[in-house]
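K.L.:
Mind looking over this structure? Questions follow.
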Amino acid sequence: LAKTTQPISMDSYEGQEVNITCSHNNIATNDYITWYQQFPSQGPRFIIQGYKTKVTNEVASLFIPADRKSSTLSLPRVSLSDTAVYYCLVGNNAGNMLTFGGGTRLMVKP
Amino acid sequence: GAGVSQTPSNKVTEKGKYVELRCDPISGHTALYWYRQSLGQGPEFLIYFQGTGAADDSGLPNDRFFAVRPEGSVSTLKIQRTERGDSAVYLCASSLTGDRDYTYGYTFGSGTRLTVV
């Protein structure tokens, strides 16, 4: 399974755009990149997934360069409620289970 | 149900005791997963069920841990002779079929916080 590396923590202010970058140098050809969000006392929540280029949904955007060795989760105009831990995962159908790293703790300040 | 339900939400037990943690997945989801999360760390995979059978139990730390899913719905994680190091949040997740659902994500419950004193 490809290992991921992401910053341990980040601070931001309300209304700013936040970009969290994840490195996955050993990503396999059939691997997807998935991001989960976890609030305190809750389980992780799927937010976005992509394979290449750019994916956007109502919550976030995911940018993946051509070499796919990294990816960037972009949260537009964050609010205090976006304070959470964000996990980057890399894998495919064959593995079935998810492998989480340490995640990035995002703190949004007023 | 509307989501994955885990009971109890909190459990305090004495070292050496036996505990059972319950997971009620989303109705119709055939795949069920158990994870363990220690403070400040990401969730760690324990076991994966496809229907009634354990398709992958490679994450169970030792033979004190056991899980069942007898009717392919509710699952119970059982821990014998609990140790203080077992203290963690135990998370359950489910997905529709498992094999091809990676692209749709997994739905997690809120977890059971186990404290062994």
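Following the order of the structure tokens, chains are lettered A, B, ..., residues in each are numbered from 1, and ligands are numbered from 1.
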Check every residue of chain A for an atom within 10 Å of chain B, counting only C-alpha atoms, and provide those that qualify as an NGL selection string.

P.N.:
:A and (32-36 or 38-51 or 85-87 or 91-105)

K.L.:
Enumerate as JSON, numbers by chain all residues of stretch 4-98 of chain A assigned to strand (DSSP E or B) by DSSP on the backbone, naming them with the chain letters and numbers the document uses.

P.N.:
{"A": [5, 9, 10, 11, 12, 13, 18, 19, 20, 21, 22, 23, 32, 33, 34, 35, 36, 37, 38, 45, 46, 47, 48, 49, 50, 53, 54, 55, 56, 61, 62, 63, 64, 70, 71, 72, 73, 74, 75, 84, 85, 86, 87, 88, 89, 90, 91]}

K.L.:
Produce a file of the selected residues containing C-alpha atoms, as a PDB file, in the first residue's frame.

P.N.:
ATOM      1  CA  THR A   5       2.802  12.081   3.994  1.00  0.00           C
ATOM      2  CA  SER A   9      -1.191  20.576  11.494  1.00  0.00           C
ATOM      3  CA  MET A  10      -2.309  23.789   9.806  1.00  0.00           C
ATOM      4  CA  ASP A  11      -3.904  27.005  11.013  1.00  0.00           C
ATOM      5  CA  SER A  12      -6.211  29.243   9.016  1.00  0.00           C
ATOM      6  CA  TYR A  13      -8.771  31.988   9.481  1.00  0.00           C
ATOM      7  CA  VAL A  18      -7.071  26.204   2.724  1.00  0.00           C
ATOM      8  CA  ASN A  19      -4.880  23.871   0.711  1.00  0.00           C
ATOM      9  CA  ILE A  20      -3.594  20.663   2.264  1.00  0.00           C
ATOM     10  CA  THR A  21      -1.006  18.772   0.248  1.00  0.00           C
ATOM     11  CA  CYS A  22      -0.381  15.061   0.530  1.00  0.00           C
ATOM     12  CA  SER A  23       2.645  13.238  -0.865  1.00  0.00           C
ATOM     13  CA  TYR A  32      -7.281   6.273  -6.159  1.00  0.00           C
ATOM     14  CA  ILE A  33      -6.678   9.220  -3.841  1.00  0.00           C
ATOM     15  CA  THR A  34      -9.330   9.743  -1.200  1.00  0.00           C
ATOM     16  CA  TRP A  35      -9.747  12.327   1.531  1.00  0.00           C
ATOM     17  CA  TYR A  36     -11.675  11.883   4.758  1.00  0.00           C
ATOM     18  CA  GLN A  37     -12.612  14.460   7.394  1.00  0.00           C
ATOM     19  CA  GLN A  38     -12.932  13.646  11.081  1.00  0.00           C
ATOM     20  CA  ARG A  45     -16.393  11.111   6.801  1.00  0.00           C
ATOM     21  CA  PHE A  46     -15.663  10.669   3.087  1.00  0.00           C
ATOM     22  CA  ILE A  47     -15.313  14.066   1.407  1.00  0.00           C
ATOM     23  CA  ILE A  48     -13.728  13.597  -2.006  1.00  0.00           C
ATOM     24  CA  GLN A  49     -11.901  11.147  -4.252  1.00  0.00           C
ATOM     25  CA  GLY A  50      -9.987  11.422  -7.488  1.00  0.00           C
ATOM     26  CA  THR A  53      -6.434  16.113 -12.783  1.00  0.00           C
ATOM     27  CA  LYS A  54      -9.157  17.882 -10.828  1.00  0.00           C
ATOM     28  CA  VAL A  55     -12.297  16.829  -9.012  1.00  0.00           C
ATOM     29  CA  THR A  56     -14.757  19.230  -7.421  1.00  0.00           C
ATOM     30  CA  SER A  61     -11.728  20.376  -4.723  1.00  0.00           C
ATOM     31  CA  LEU A  62      -8.968  17.874  -5.267  1.00  0.00           C
ATOM     32  CA  PHE A  63      -6.018  18.679  -7.500  1.00  0.00           C
ATOM     33  CA  ILE A  64      -3.811  15.856  -8.751  1.00  0.00           C
ATOM     34  CA  SER A  70       1.005  14.260  -4.675  1.00  0.00           C
ATOM     35  CA  SER A  71      -2.457  15.715  -4.321  1.00  0.00           C
ATOM     36  CA  THR A  72      -3.923  18.871  -2.835  1.00  0.00           C
ATOM     37  CA  LEU A  73      -7.221  19.146  -1.027  1.00  0.00           C
ATOM     38  CA  SER A  74      -8.642  22.645  -1.384  1.00  0.00           C
ATOM     39  CA  LEU A  75     -11.306  23.939   0.992  1.00  0.00           C
ATOM     40  CA  ALA A  84     -11.120  18.874  11.940  1.00  0.00           C
ATOM     41  CA  VAL A  85      -8.519  16.268  11.056  1.00  0.00           C
ATOM     42  CA  TYR A  86      -8.150  15.599   7.341  1.00  0.00           C
ATOM     43  CA  TYR A  87      -6.801  12.252   6.157  1.00  0.00           C
ATOM     44  CA  CYS A  88      -5.311  11.503   2.751  1.00  0.00           C
ATOM     45  CA  LEU A  89      -5.565   7.867   1.683  1.00  0.00           C
ATOM     46  CA  VAL A  90      -4.287   6.025  -1.350  1.00  0.00           C
ATOM     47  CA  GLY A  91      -5.544   2.641  -2.456  1.00  0.00           C
TER      48      GLY A  91
END

K.L.:
If you count only C-alpha atoms, which residues fall within 9 Å of stretch 71-76 of chain B, apart from same-chain ones fewer than 2 positions away, as number ranges by chain?

P.N.:
B: 20-32, 49-53, 66-69, 78
